[in-house]
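Report on the following structure.
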4 protein chains.
Amino acid sequence: MTIEGAAMKMIGVIGAGSCNHEIYELAREVGAGIAKAGAILVCGGLGGVMEGACRGAFEAGGQTIGILPGPDKGEANPYVAIPVVTDLGHARNVLIVRSSDILVAISGGYGTLSEISIALKLGKPVIGLRTWPHMEGIHYVTTPKEAIESLRVAKA
Amino acid sequence: MTIEGAAMKMIGVIGAGSCNHEIYELAREVGAGIAKAGAILVCGGLGGVMEGACRGAFEAGGQTIGILPGPDKGEANPYVAIPVVTDLGHARNVLIVRSSDILVAISGGYGTLSEISIALKLGKPVIGLRTWPHMEGIHYVTTPKEAIESLRVAKA
Amino acid sequence: MTIEGAAMKMIGVIGAGSCNHEIYELAREVGAGIAKAGAILVCGGLGGVMEGACRGAFEAGGQTIGILPGPDKGEANPYVAIPVVTDLGHARNVLIVRSSDILVAISGGYGTLSEISIALKLGKPVIGLRTWPHMEGIHYVTTPKEAIESLRVAKA
Amino acid sequence: MTIEGAAMKMIGVIGAGSCNHEIYELAREVGAGIAKAGAILVCGGLGGVMEGACRGAFEAGGQTIGILPGPDKGEANPYVAIPVVTDLGHARNVLIVRSSDILVAISGGYGTLSEISIALKLGKPVIGLRTWPHMEGIHYVTTPKEAIESLRVAKA
């Protein structure tokens, strides 16, 4: 037994708390791919892209961590296995980035942009799917499958 | 399948980052008991009591979350399965408390006292084993076994 | 002109968000003394002891900083000149301690105890007036006048 | 005397911790303008744009607040009158935004972009001078003078 094996690779999925069905399904596929790759999914734990990703990972038997902005775990989507309750508001975005080895940004608004910015500032790999365009440092992909393939080659 | 089953009960173990062998072994027994009770162990992820508890839970096949104060996961003890990296320093103590349904305080110094205080402020059950004495609100026990039994009856 | 003169000594006053008239008046006297000593008052910016201290400092022409737990400055008491808005909840307690060169604890509950604990952990001088008793490391005084005199001799 | 007068308008200046002389001088002019307008300058308290802005405000007799990322006030630039010590790392960016009624972004990298994003997410007015281009929601100006004029009309 190697003790180092206790910690698994953690992949962050970032995106808005509400989204249309198409984006939700993309996130679900990404979440499923992360679980099948044997990694842990980290996200903000709320709805929209976060729920889609958690649902996909949960359905594929994976582990899901939700780093929540509010004061209790009641706001977590139902597919979050491990709610981390911060009560830090938007400051919890930094924790999602720091806790992830690699990040996948799916669509998203200003909150997601703040997370992308912190990730790039910290030199973390960011894979982008239908997200903020033209940002140097984001590795853009066009499908969930491509996003998962990119995870395997990214240097975390 | 009930979706609500995704989130398990989370038990926080708080105590100092360095401790003697006797306290370490008490923490290890508490960690093992938490894992055997089917709960997730939450702690600050560092050494001493935190490592003892993580080790006990890890060895018993349980899940361990370490909410770390520094900027990267390298400081986690080797029994932390899921490192949550905060870079918040002592402010991360509040996250340990908020993320726990019940807390077990084992020995500990001023950092632990700050966590006990926040827990009592928030109305969370606190079980105390060889920790700060004479605090109204702490349910004191004298053995790890008693601590685990108290978990079962505490209203989280 | 010496550039180093830009930063003045900062004195934290910690205590509960609601208190009786007697404690409020003690806090007011302490606040006034801090202002007259030429120092800046730092506190959590809410009511009770925090308001009493801000009011005393404000009335004596001093500067008052309120490090607020919520998402906007509307919750600041009316004597806070500079509201620092954190939206960090109880985690903002650590910022009050870190931003203070010396702390004065007046009465107070578990929130105050968490601040005292962090202050002692960080090795900051803590002056105690009618607060948590019997804590090694607190310099206990019995009047606001004595508290202000203690400020002058404390090694910050 | 109106009690409400205790709190003055607070203007945030955001930008990189190192910058060239030209950008530093722009920041200095903006800082001076903020002080002359009777507002308090809020920033991250470090070097570069933050120092330029603090210096300008300080030289014009204004008040300067530095919300610092590290564990002590030693990292503040010499023109910070009131150091708020957070030890929160990049999470302190959110506090700068929340504590500001209006923000002025000057040049800047990914850290600044994270602050712009949070500001726009929260609906705070953002005035941009030589900063991230083409962002809907930023009011772009080309000179410090124009930036100061924009402060007067922005709805905070």
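Letters A, B, ... mark the chains of the structure tokens in the order given; residue numbers begin at 1 per chain; ligand numbers begin at 1, in order shown.
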
Q: Return as a PyMOL selection string the full set of residues in segment 58-148 of chain D whose backbone-based DSSP assignment is alpha helix (DSSP H).
A: chain D and resi 58-59+92-99+110-121+144-148

Q.
I'd like the contact shell of Gly111 of chain C - 10 Å cut-off, only C-alpha atoms, skipping same-chain residues fewer than 5 positions apart - returned as a PyMOL selection string.
A. (chain B and resi 114+117-122) or (chain C and resi 14-17+90+93+116-117)

With N, CA, C and O atoms retained, write the just-selected residues as a PDB file, in the first residue's frame.
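selection33.pdb was written with the following content:
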ATOM      1  N   SER B 114     -10.641  28.343  19.260  1.00  0.00           N
ATOM      2  CA  SER B 114     -11.374  29.216  18.327  1.00  0.00           C
ATOM      3  C   SER B 114     -12.430  28.407  17.575  1.00  0.00           C
ATOM      4  O   SER B 114     -13.523  28.895  17.292  1.00  0.00           O
ATOM      5  N   SER B 117     -15.325  27.635  19.942  1.00  0.00           N
ATOM      6  CA  SER B 117     -16.130  28.849  20.139  1.00  0.00           C
ATOM      7  C   SER B 117     -17.092  29.075  18.979  1.00  0.00           C
ATOM      8  O   SER B 117     -18.274  29.384  19.183  1.00  0.00           O
ATOM      9  N   ILE B 118     -16.575  28.937  17.767  1.00  0.00           N
ATOM     10  CA  ILE B 118     -17.436  29.135  16.594  1.00  0.00           C
ATOM     11  C   ILE B 118     -18.527  28.057  16.555  1.00  0.00           C
ATOM     12  O   ILE B 118     -19.688  28.344  16.266  1.00  0.00           O
ATOM     13  N   ALA B 119     -18.152  26.827  16.890  1.00  0.00           N
ATOM     14  CA  ALA B 119     -19.141  25.742  16.887  1.00  0.00           C
ATOM     15  C   ALA B 119     -20.260  26.021  17.891  1.00  0.00           C
ATOM     16  O   ALA B 119     -21.450  25.875  17.567  1.00  0.00           O
ATOM     17  N   LEU B 120     -19.893  26.451  19.098  1.00  0.00           N
ATOM     18  CA  LEU B 120     -20.916  26.723  20.111  1.00  0.00           C
ATOM     19  C   LEU B 120     -21.746  27.943  19.701  1.00  0.00           C
ATOM     20  O   LEU B 120     -22.963  27.976  19.900  1.00  0.00           O
ATOM     21  N   LYS B 121     -21.092  28.921  19.100  1.00  0.00           N
ATOM     22  CA  LYS B 121     -21.810  30.100  18.588  1.00  0.00           C
ATOM     23  C   LYS B 121     -22.868  29.683  17.564  1.00  0.00           C
ATOM     24  O   LYS B 121     -23.973  30.232  17.527  1.00  0.00           O
ATOM     25  N   LEU B 122     -22.509  28.716  16.720  1.00  0.00           N
ATOM     26  CA  LEU B 122     -23.430  28.259  15.676  1.00  0.00           C
ATOM     27  C   LEU B 122     -24.397  27.188  16.178  1.00  0.00           C
ATOM     28  O   LEU B 122     -25.232  26.688  15.403  1.00  0.00           O
TER      29      LEU B 122
ATOM     30  N   ILE C  14     -13.095  44.162  20.794  1.00  0.00           N
ATOM     31  CA  ILE C  14     -13.951  43.020  20.501  1.00  0.00           C
ATOM     32  C   ILE C  14     -14.943  42.811  21.636  1.00  0.00           C
ATOM     33  O   ILE C  14     -14.641  43.043  22.796  1.00  0.00           O
ATOM     34  N   GLY C  15     -16.140  42.396  21.269  1.00  0.00           N
ATOM     35  CA  GLY C  15     -17.214  42.197  22.253  1.00  0.00           C
ATOM     36  C   GLY C  15     -18.497  41.881  21.507  1.00  0.00           C
ATOM     37  O   GLY C  15     -18.545  41.956  20.275  1.00  0.00           O
ATOM     38  N   ALA C  16     -19.527  41.567  22.249  1.00  0.00           N
ATOM     39  CA  ALA C  16     -20.761  41.088  21.631  1.00  0.00           C
ATOM     40  C   ALA C  16     -21.531  42.183  20.887  1.00  0.00           C
ATOM     41  O   ALA C  16     -21.381  43.374  21.165  1.00  0.00           O
ATOM     42  N   GLY C  17     -22.349  41.754  19.947  1.00  0.00           N
ATOM     43  CA  GLY C  17     -23.158  42.650  19.126  1.00  0.00           C
ATOM     44  C   GLY C  17     -24.366  43.226  19.832  1.00  0.00           C
ATOM     45  O   GLY C  17     -25.045  44.103  19.297  1.00  0.00           O
ATOM     46  N   HIS C  90     -18.391  34.743  10.056  1.00  0.00           N
ATOM     47  CA  HIS C  90     -17.509  34.704  11.230  1.00  0.00           C
ATOM     48  C   HIS C  90     -16.024  34.659  10.850  1.00  0.00           C
ATOM     49  O   HIS C  90     -15.168  34.953  11.682  1.00  0.00           O
ATOM     50  N   ASN C  93     -13.734  37.511  11.701  1.00  0.00           N
ATOM     51  CA  ASN C  93     -13.147  37.708  13.029  1.00  0.00           C
ATOM     52  C   ASN C  93     -11.618  37.688  12.969  1.00  0.00           C
ATOM     53  O   ASN C  93     -10.954  38.455  13.671  1.00  0.00           O
ATOM     54  N   ILE C 116     -10.443  36.184  20.824  1.00  0.00           N
ATOM     55  CA  ILE C 116      -9.394  36.116  21.847  1.00  0.00           C
ATOM     56  C   ILE C 116      -8.450  34.947  21.539  1.00  0.00           C
ATOM     57  O   ILE C 116      -7.225  35.081  21.594  1.00  0.00           O
ATOM     58  N   SER C 117      -9.031  33.806  21.185  1.00  0.00           N
ATOM     59  CA  SER C 117      -8.233  32.600  20.909  1.00  0.00           C
ATOM     60  C   SER C 117      -7.266  32.837  19.757  1.00  0.00           C
ATOM     61  O   SER C 117      -6.089  32.474  19.828  1.00  0.00           O
TER      62      SER C 117
END

Show me, as a tab-separated table (two decimals) with C-alpha atoms, in the first residue's frame, the residues of chain A whose atoms get within 9 Å of chain B, using only C-alpha atoms for the distance check.
chain	number	residue	atom	x	y	z
A	3	ILE	CA	0.16	6.14	1.43
A	4	GLU	CA	0.39	8.71	-1.34
A	5	GLY	CA	-2.53	6.95	-2.94
A	6	ALA	CA	-4.89	8.55	-0.41
A	7	ALA	CA	-5.23	11.71	-2.50
A	8	MET	CA	-6.80	11.41	-5.94
A	10	MET	CA	-9.26	16.65	-8.44
A	40	ILE	CA	-12.85	13.59	-8.07
A	58	PHE	CA	-22.74	10.85	-9.43
A	64	THR	CA	-18.44	14.96	-5.96
A	65	ILE	CA	-17.32	17.89	-3.80
A	67	ILE	CA	-17.62	24.14	-2.15
A	71	PRO	CA	-23.84	29.29	5.57
A	72	ASP	CA	-25.29	25.78	5.39
A	73	LYS	CA	-25.34	22.72	3.19
A	78	PRO	CA	-28.69	16.76	-4.71
A	79	TYR	CA	-25.67	15.21	-6.46
A	80	VAL	CA	-23.08	16.73	-4.13
A	81	ALA	CA	-21.70	13.91	-1.97
A	82	ILE	CA	-19.40	16.11	0.12
A	83	PRO	CA	-20.63	19.63	0.82
A	84	VAL	CA	-17.90	21.98	2.05
A	85	VAL	CA	-19.74	24.85	3.72
A	86	THR	CA	-17.80	28.13	3.58
A	87	ASP	CA	-20.17	31.09	4.16
A	88	LEU	CA	-17.57	33.10	2.23
A	92	ARG	CA	-15.17	30.71	-2.11
A	94	VAL	CA	-10.73	30.97	-5.03
A	95	LEU	CA	-11.04	27.76	-3.00
A	96	ILE	CA	-12.58	25.91	-5.94
A	97	VAL	CA	-9.63	26.94	-8.10
A	98	ARG	CA	-6.97	26.15	-5.47
A	99	SER	CA	-8.49	22.74	-4.72
A	100	SER	CA	-8.52	21.72	-8.39

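Within 12 Å of His134 of chain B, once only C-alpha atoms are used and residues closer than 6 positions along the same chain are dropped, the contacting residues are Gly128 and Tyr140 of chain B; Pro133 and His134 of chain C.
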
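The list of residues with at least one atom within 10 Å of Glu25 of chain A, based on only C-alpha atoms and without residues fewer than 2 positions apart in the same chain, reads Cys19, Asn20, His21, Glu22, Ile23, Ala27, Arg28, Glu29, Val30, Gly31, Gly48, Val49, Gly52, Ala53, Arg55, Gly56 and Pro144 of chain A.
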
Q) Residues of chain D in strand (DSSP E) according to DSSP, as a VMD selection string? A) chain D and resid 10 to 14 40 to 43 64 to 68 82 to 85 102 to 106 126 to 129 138 to 141

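Here atom CA of Leu151 of chain D stands at a distance of 27.3 Å from atom CA of Thr112 of chain A.
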
(Q) So that I can check the surroundings of Thr131 of chain C, please list as number ranges by chain every protein, DNA and RNA residue that reaches within 7 Å of it, counting only C-alpha atoms and ignoring chain neighbours fewer than 4 positions away. (A) C: 105-108

Selected residues, all heavy atoms, written as a PDB file, in the first residue's frame, please.
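Output (out16.pdb):
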ATOM      1  N   ALA C 105     -10.694  43.212  24.830  1.00  0.00           N
ATOM      2  CA  ALA C 105     -11.926  42.408  24.867  1.00  0.00           C
ATOM      3  C   ALA C 105     -12.814  42.924  25.986  1.00  0.00           C
ATOM      4  O   ALA C 105     -12.375  43.036  27.129  1.00  0.00           O
ATOM      5  CB  ALA C 105     -11.588  40.941  25.103  1.00  0.00           C
ATOM      6  N   ILE C 106     -14.056  43.260  25.634  1.00  0.00           N
ATOM      7  CA  ILE C 106     -15.000  43.779  26.627  1.00  0.00           C
ATOM      8  C   ILE C 106     -16.212  42.860  26.674  1.00  0.00           C
ATOM      9  O   ILE C 106     -16.917  42.711  25.674  1.00  0.00           O
ATOM     10  CB  ILE C 106     -15.434  45.212  26.270  1.00  0.00           C
ATOM     11  CG1 ILE C 106     -14.208  46.122  26.151  1.00  0.00           C
ATOM     12  CG2 ILE C 106     -16.428  45.749  27.304  1.00  0.00           C
ATOM     13  CD1 ILE C 106     -14.508  47.529  25.665  1.00  0.00           C
ATOM     14  N   SER C 107     -16.427  42.240  27.822  1.00  0.00           N
ATOM     15  CA  SER C 107     -17.522  41.290  27.968  1.00  0.00           C
ATOM     16  C   SER C 107     -17.452  40.288  26.813  1.00  0.00           C
ATOM     17  O   SER C 107     -16.360  39.836  26.475  1.00  0.00           O
ATOM     18  CB  SER C 107     -18.856  42.042  28.031  1.00  0.00           C
ATOM     19  OG  SER C 107     -19.920  41.148  28.301  1.00  0.00           O
ATOM     20  N   GLY C 108     -18.574  39.930  26.188  1.00  0.00           N
ATOM     21  CA  GLY C 108     -18.500  39.086  25.006  1.00  0.00           C
ATOM     22  C   GLY C 108     -18.906  37.642  25.216  1.00  0.00           C
ATOM     23  O   GLY C 108     -18.831  37.113  26.331  1.00  0.00           O
TER      24      GLY C 108
END

(Q) Please report the interatomic distance between atom CA of Glu146 of chain B and atom CA of Tyr110 of chain C in Å with one decimal. (A)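 Here the two named atoms are 25.8 Å from each other.
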
Q. In Å, how far is it from atom CA of Ile34 of chain A to atom CA of Ala57 of chain A?
A.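 Straight-line distance from atom CA of Ile34 of chain A to atom CA of Ala57 of chain A works out to 6.7 Å.
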